[in-house]
Every structure is written in structure tokens, then in C-alpha cells.
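> Dropping in query_7.cif, with mmCIF, C-alpha atoms.
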```cif
data_model
loop_
_atom_site.label_atom_id
_atom_site.label_comp_id
_atom_site.auth_asym_id
_atom_site.auth_seq_id
_atom_site.Cartn_x
_atom_site.Cartn_y
_atom_site.Cartn_z
CA MET A 102 11.78 15.74 -34.77
CA THR A 103 12.62 12.03 -34.56
CA SER A 104 14.45 12.59 -31.27
CA ARG A 105 11.44 14.39 -29.83
CA ARG A 106 9.10 11.56 -30.87
CA THR A 107 11.45 9.03 -29.31
CA LEU A 108 11.50 10.96 -26.05
CA SER A 109 7.72 11.28 -26.08
CA PHE A 110 7.28 7.53 -26.64
CA LEU A 111 9.77 6.70 -23.89
CA LEU A 112 8.01 9.10 -21.53
CA PHE A 113 4.64 7.51 -22.30
CA VAL A 114 5.98 4.02 -21.58
CA LEU A 115 7.53 5.11 -18.29
CA LEU A 116 4.53 7.10 -17.10
CA ALA A 117 1.86 4.56 -18.03
CA PRO A 118 1.97 2.66 -14.69
CA LEU A 119 1.69 5.94 -12.74
CA VAL A 120 -1.77 6.79 -14.05
CA SER A 121 -4.92 5.14 -12.74
CA ALA A 122 -8.30 5.84 -14.37
CA ILE A 123 -11.55 4.10 -13.54
CA LYS A 124 -15.25 4.56 -14.17
CA LEU A 125 -17.73 3.10 -11.73
CA ALA A 126 -21.43 3.18 -10.89
CA LEU A 127 -22.07 3.71 -7.19
CA PRO A 128 -25.50 2.69 -5.82
CA PRO A 129 -26.84 4.61 -2.81
CA ALA A 130 -27.57 3.19 0.64
CA ARG A 131 -28.62 4.38 4.08
CA VAL A 132 -25.28 3.24 5.49
CA PRO A 133 -23.13 2.71 2.39
CA ALA A 134 -20.02 0.58 2.43
CA PRO A 135 -16.98 2.46 1.13
CA LYS A 136 -15.70 1.66 -2.34
CA CYS A 137 -11.91 2.10 -2.22
CA ILE A 138 -9.33 2.21 -4.99
CA TRP A 139 -5.79 1.61 -3.74
CA ASN A 140 -2.49 2.70 -5.29
CA ALA A 141 1.08 2.16 -4.11
CA VAL A 142 3.00 5.36 -3.30
CA HIS A 143 6.38 6.40 -1.96
CA THR A 144 7.15 8.84 0.81
CA HIS A 145 6.41 12.49 -0.12
CA ALA A 146 4.83 11.43 -3.42
CA LEU A 147 2.25 13.85 -4.79
CA VAL A 148 -1.17 12.28 -5.39
CA ILE A 149 -3.81 14.15 -7.38
CA VAL A 150 -7.33 12.74 -7.54
CA THR A 151 -9.78 14.05 -10.13
CA ALA A 152 -13.37 12.89 -9.62
CA ASN A 153 -16.19 13.68 -12.02
CA VAL A 154 -19.51 12.79 -10.36
CA SER A 155 -22.69 12.64 -12.42
CA PRO A 156 -25.83 14.34 -11.04
CA GLY A 157 -28.29 12.27 -9.03
CA PRO A 158 -31.28 13.34 -6.94
CA SER A 159 -31.54 12.44 -3.24
CA GLN A 160 -27.96 11.15 -3.16
CA ARG A 161 -24.74 12.46 -1.61
CA VAL A 162 -21.30 11.29 -2.64
CA ASP A 163 -18.46 11.65 -0.12
CA ILE A 164 -14.75 11.11 -0.82
CA GLU A 165 -12.02 10.21 1.63
CA ILE A 166 -8.32 9.72 0.90
CA ILE A 167 -6.73 7.39 3.45
CA ASP A 168 -3.56 5.35 3.85
CA SER A 169 -3.05 1.63 4.36
CA THR A 170 -1.79 1.83 7.95
CA PRO A 171 -3.81 0.03 10.65
CA GLN A 172 -4.92 3.46 11.90
CA ARG A 173 -6.35 4.32 8.46
CA ASN A 174 -5.12 7.92 8.63
CA VAL A 175 -7.37 10.30 6.68
CA TYR A 176 -5.41 12.63 4.41
CA LEU A 177 -8.44 14.44 3.08
CA SER A 178 -12.22 14.21 3.32
CA LYS A 179 -14.85 15.96 1.19
CA ARG A 180 -18.63 15.73 1.50
CA ASP A 181 -21.27 16.09 -1.20
CA VAL A 182 -19.01 15.99 -4.23
CA LYS A 183 -20.68 17.29 -7.39
CA GLY A 184 -19.37 17.68 -10.89
CA GLU A 185 -15.60 17.69 -11.37
CA THR A 186 -13.50 17.91 -8.22
CA ARG A 187 -9.73 17.94 -7.96
CA LEU A 188 -8.01 16.86 -4.74
CA ALA A 189 -4.29 16.79 -3.94
CA VAL A 190 -2.44 15.13 -1.07
CA THR A 191 1.15 14.19 -0.26
CA ALA A 192 1.96 10.69 0.99
CA HIS A 193 3.51 10.61 4.45
CA ALA A 194 5.13 7.19 4.21
CA GLU A 195 5.72 4.17 1.99
CA GLY A 196 2.62 2.10 1.43
CA GLU A 197 -0.72 2.54 -0.29
CA VAL A 198 -3.14 5.42 -0.58
CA GLY A 199 -6.83 4.64 -1.01
CA VAL A 200 -9.54 6.80 -2.53
CA CYS A 201 -12.78 5.76 -0.81
CA LEU A 202 -16.23 6.71 -2.11
CA LYS A 203 -19.62 6.53 -0.39
CA ASN A 204 -23.03 7.26 -1.88
CA TRP A 205 -25.53 8.18 0.84
CA LEU A 206 -29.26 7.83 0.25
CA SER A 207 -31.46 10.66 1.44
CA PRO A 208 -33.63 9.72 4.47
CA ASP A 209 -36.82 10.81 2.71
CA VAL A 210 -36.37 8.22 -0.08
CA LYS A 211 -37.62 4.67 0.36
CA THR A 212 -34.97 1.98 0.08
CA THR A 213 -37.09 0.14 -2.47
CA LEU A 214 -36.71 3.07 -4.86
CA ALA A 215 -32.93 3.13 -4.37
CA ARG A 216 -32.55 -0.02 -6.47
CA ASN A 217 -32.97 2.05 -9.62
CA MET A 218 -30.72 4.90 -8.45
CA THR A 219 -26.98 5.27 -9.01
CA ARG A 220 -24.20 7.83 -9.45
CA THR A 221 -21.58 7.43 -12.17
CA ILE A 222 -18.08 8.49 -11.17
CA ASP A 223 -15.07 9.00 -13.44
CA LEU A 224 -11.96 8.78 -11.27
CA ASP A 225 -8.43 9.69 -12.36
CA ILE A 226 -5.53 9.20 -9.95
CA ASP A 227 -2.15 10.71 -10.87
CA ILE A 228 0.87 9.83 -8.75
CA GLY A 229 4.35 11.25 -8.56
CA VAL A 230 5.80 12.80 -11.68
CA ASP A 231 2.54 12.39 -13.59
CA ALA A 232 0.79 14.61 -11.04
CA VAL A 233 3.10 17.54 -11.82
CA ASP A 234 1.73 20.16 -14.21
CA TYR A 235 4.68 20.49 -16.58
CA ASN A 236 2.75 22.78 -18.91
CA ALA A 237 2.48 25.34 -16.13
CA ILE A 238 6.19 24.91 -15.38
CA ALA A 239 7.05 25.34 -19.06
CA ASN A 240 5.00 28.56 -19.28
CA GLN A 241 6.49 29.90 -16.08
CA GLU A 242 10.12 29.13 -17.01
CA SER A 243 9.70 29.65 -20.77
CA LEU A 244 10.84 26.13 -21.61
CA SER A 245 10.82 24.73 -25.11
CA GLY A 246 9.02 21.51 -25.97
CA LEU A 247 12.21 19.46 -25.83
CA GLU A 248 13.24 21.04 -22.52
CA THR A 249 9.82 20.21 -21.09
CA GLU A 250 10.17 16.59 -22.19
CA MET A 251 13.64 16.46 -20.64
CA ARG A 252 12.23 17.87 -17.40
CA LYS A 253 9.60 15.12 -17.41
CA LEU A 254 12.25 12.47 -18.02
CA GLU A 255 14.28 13.91 -15.17
CA GLY A 256 11.30 13.43 -12.88
CA VAL A 257 10.80 9.88 -14.15
CA VAL A 258 14.46 9.04 -13.52
CA LYS A 259 14.16 10.45 -10.00
CA GLU A 260 11.15 8.22 -9.34
CA ILE A 261 13.00 5.19 -10.70
CA GLU A 262 15.90 5.97 -8.36
CA ASP A 263 13.49 6.27 -5.44
CA GLU A 264 11.88 2.96 -6.42
CA LEU A 265 15.27 1.21 -6.61
CA ASP A 266 16.27 2.72 -3.27
CA TYR A 267 13.01 1.51 -1.74
CA LEU A 268 13.52 -2.00 -3.15
CA LYS A 269 17.09 -2.03 -1.83
CA LYS A 270 15.96 -1.04 1.66
CA ARG A 271 13.18 -3.61 1.59
CA GLU A 272 15.63 -6.30 0.48
CA GLU A 273 17.98 -5.33 3.33
CA ARG A 274 15.07 -5.46 5.77
CA PHE A 275 14.04 -8.91 4.52
CA ALA A 276 17.65 -10.11 4.72
CA THR A 277 17.90 -8.87 8.31
CA THR A 278 14.62 -10.59 9.17
CA ASN A 279 15.82 -13.79 7.49
CA LEU A 280 19.11 -13.78 9.43
CA SER A 281 17.29 -13.08 12.68
CA THR A 282 14.85 -15.92 12.02
CA ASN A 283 17.66 -18.33 11.15
CA GLN A 284 19.49 -17.38 14.35
CA ARG A 285 16.37 -17.98 16.42
CA VAL A 286 15.80 -21.35 14.76
CA GLN A 287 19.42 -22.29 15.39
CA ASN A 288 19.20 -21.25 19.06
CA PHE A 289 15.98 -23.23 19.45
CA ALA A 290 17.64 -26.26 17.85
CA TRP A 291 20.57 -26.06 20.28
CA PHE A 292 18.17 -25.59 23.19
CA THR A 293 16.19 -28.65 22.08
CA LEU A 294 19.38 -30.71 21.70
CA PHE A 295 20.72 -29.81 25.14
CA SER A 296 17.28 -30.36 26.66
CA LEU A 297 17.11 -33.85 25.17
CA ILE A 298 20.64 -34.64 26.36
CA GLY A 299 19.83 -33.38 29.85
CA LEU A 300 16.59 -35.37 29.91
CA GLY A 301 18.44 -38.51 28.79
CA VAL A 302 21.09 -38.11 31.53
CA TRP A 303 18.37 -37.55 34.14
CA GLN A 304 16.52 -40.65 32.99
CA ILE A 305 19.72 -42.73 33.26
CA PHE A 306 20.38 -41.62 36.85
CA HIS A 307 16.72 -41.95 37.76
CA LEU A 308 16.49 -45.51 36.39
CA ARG A 309 19.78 -46.45 38.01
CA ALA A 310 18.55 -45.23 41.39
CA TYR A 311 15.25 -47.06 40.87
CA PHE A 312 16.95 -50.35 40.02
CA LYS A 313 19.20 -49.99 43.06
CA ARG A 314 16.19 -49.54 45.32
CA LYS A 315 14.71 -52.69 43.84
CA TYR A 316 18.05 -54.52 44.25
CA LEU A 317 18.16 -55.26 40.57
CA ILE A 318 21.69 -53.91 40.23
CA ASP A 319 24.58 -53.32 42.59
#
```
Now that the file is in, can you turn its structure into C-alpha cells?

Amino acid sequence: MTSRRTLSFLLFVLLAPLVSAIKLALPPARVPAPKCIWNAVHTHALVIVTANVSPGPSQRVDIEIIDSTPQRNVYLSKRDVKGETRLAVTAHAEGEVGVCLKNWLSPDVKTTLARNMTRTIDLDIDIGVDAVDYNAIANQESLSGLETEMRKLEGVVKEIEDELDYLKKREERFATTNLSTNQRVQNFAWFTLFSLIGLGVWQIFHLRAYFKRKYLID
């Protein structure tokens, strides 16, 4: 029993950063600006977004899931979200995934009335191992409670390995960039040195020729 509690506590500590929950009030507008919540993800990471939108007359809430690339690739888009909605996407590359919300005001409502209107949204974002339904896996494979916890820890360890691998690759990329920059600075320094030497030699010959024309030197 003590071992199971220890595993549960360790699992909670490891999974805590992978869960993002937020509650926000979204006012409507004719052309609403998107409200985006960003989370860092790894390649092929599963992202599950659960949005619970409160009712609101003459308003329409849209959800888009995009990435942080300059192209702002849209993974998923859903219009007129009502009640509880569950969305799932898989990250295509390292970076960030954003959940963007817009609350559109109906054209037949005056903008002056929109000041007192809003939609409350409860947003839960599960990433990676926390997005996996281990209860369903346990029922399907007839796993015991301890085996289920071990399966969760296995997923956590895999994510830690992926994170360390990502950090290692990023460090190697930074080191390569640093070496390349140092080499360029060194080449520029040598170029500047030789340019100054060449300019100095040219000035000596130029002044010598000038003084000879003026008969100041032999």
C-alpha cells in the first residue's frame, strides 16, 4: 500500500507540469481578436483540449488549434462551440501549440449592448502522457492498479527521455552555431587586419611617390 502511494505521489509530481487548466471570460466583438493559450510540445506529442463553454445569447465561440511556426499551421478548427467539447491533435514538430478562442457578436446586436455580454470558458489542455486514457487501457488489458501506475510511469520516463534528447540536440545546434559564429568573427578579424596592412602599405607608396613628385625626397 505504501509503495502504491509513493508511486502515485511521484506520478503526480512528474505529471503536474503537463497539465494546463484555465478559466477565462471572453467578451464578444464584431471582429474579435483571438485569445491564445500556448504550450510547449514535442514531435508526435498527443494534445487533448477540453473546452466547456457557458451559454450566451447572440454569441458564437470558435476554437482553432495552431502551431508557433511563421505559417501558423491550423491543426484543427471548430465553429460555434457549445457546452463541453473535446478536441485531439498530434504535434507535427518541436515548438508550441496554441489554443485560440474567438467570441463573435451577432450582427443583429448593437455593440453598446455587448459591453455586458460575455462567455465563460473552462479550458483544460493535456499533453503527452497525461493525454492518454490509462483507465481505458487498464480495462482493455485487465491491468491491476499497480500495473496501471507502472504503465503511467513508463510513459513519463519516455517523455523525460524525449525531453533530454531534445535538449541535447538543441545544445548541439547552439554549439554548432557558436562555432560557426566564432569562425566568421575570426575570418572577419583576419580580413580587417590584412586590409589595414594593405592600406598602410599603399599609403606608404602613395606618399613616397607624392614626395618624389614634389622633390621633397630623392
> Select, from A:Ala215, A:Leu280, A:Val233, A:Ala126, the residue with the minimum atom-to-atom distance to Val148 of chain A, counting only C-alpha atoms.
A:Val233
> Could you expand the PyMOL selection byres ((chain A and resi 155) around 7) into the explicit residues it covers here, written as a PyMOL selection string?
chain A and resi 153-154+156-157+184+220-222
> On this file, the PyMOL selection byres ((chain A and resi 198) around 10) gives some set of residues; write that set as a VMD selection string.
chain A and resid 137 to 143 148 166 to 170 173 to 176 190 to 197 199 to 201
> Determine, using only C-alpha atoms, which residues of segment 197-242 of chain A have any atom at most 12 Å from an atom of segment 258-264 of chain A, and tabulate each with its shortest atom pair and distance in Å to one decimal place, rows ordered by chain and then rising number, as CSV.

```
residue,atom,partner,partner_atom,distance
A:Ile228,CA,A:Glu260,CA,10.4
A:Gly229,CA,A:Glu260,CA,7.5
A:Val230,CA,A:Glu260,CA,7.4
A:Asp231,CA,A:Glu260,CA,10.5
```
> Near Ala134 of chain A, counting only C-alpha atoms, which residues have an atom at most 9 Å away, once you skip same-chain residues fewer than 5 positions from it, shown as number ranges by chain?
A: 202-204
> Using all atoms listed in the file, which protein or nucleic acid residues come within 9 Å of Gln160 of chain A? Drop anything in the same chain fewer than 5 positions from it, and give the result as a list of chain:residue names.
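With the cut-off at 9 Å, the set is A:Pro129, A:Ala130, A:Asp181, A:Asn204, A:Trp205, A:Leu206, A:Ser207, A:Met218, A:Thr219, A:Arg220.
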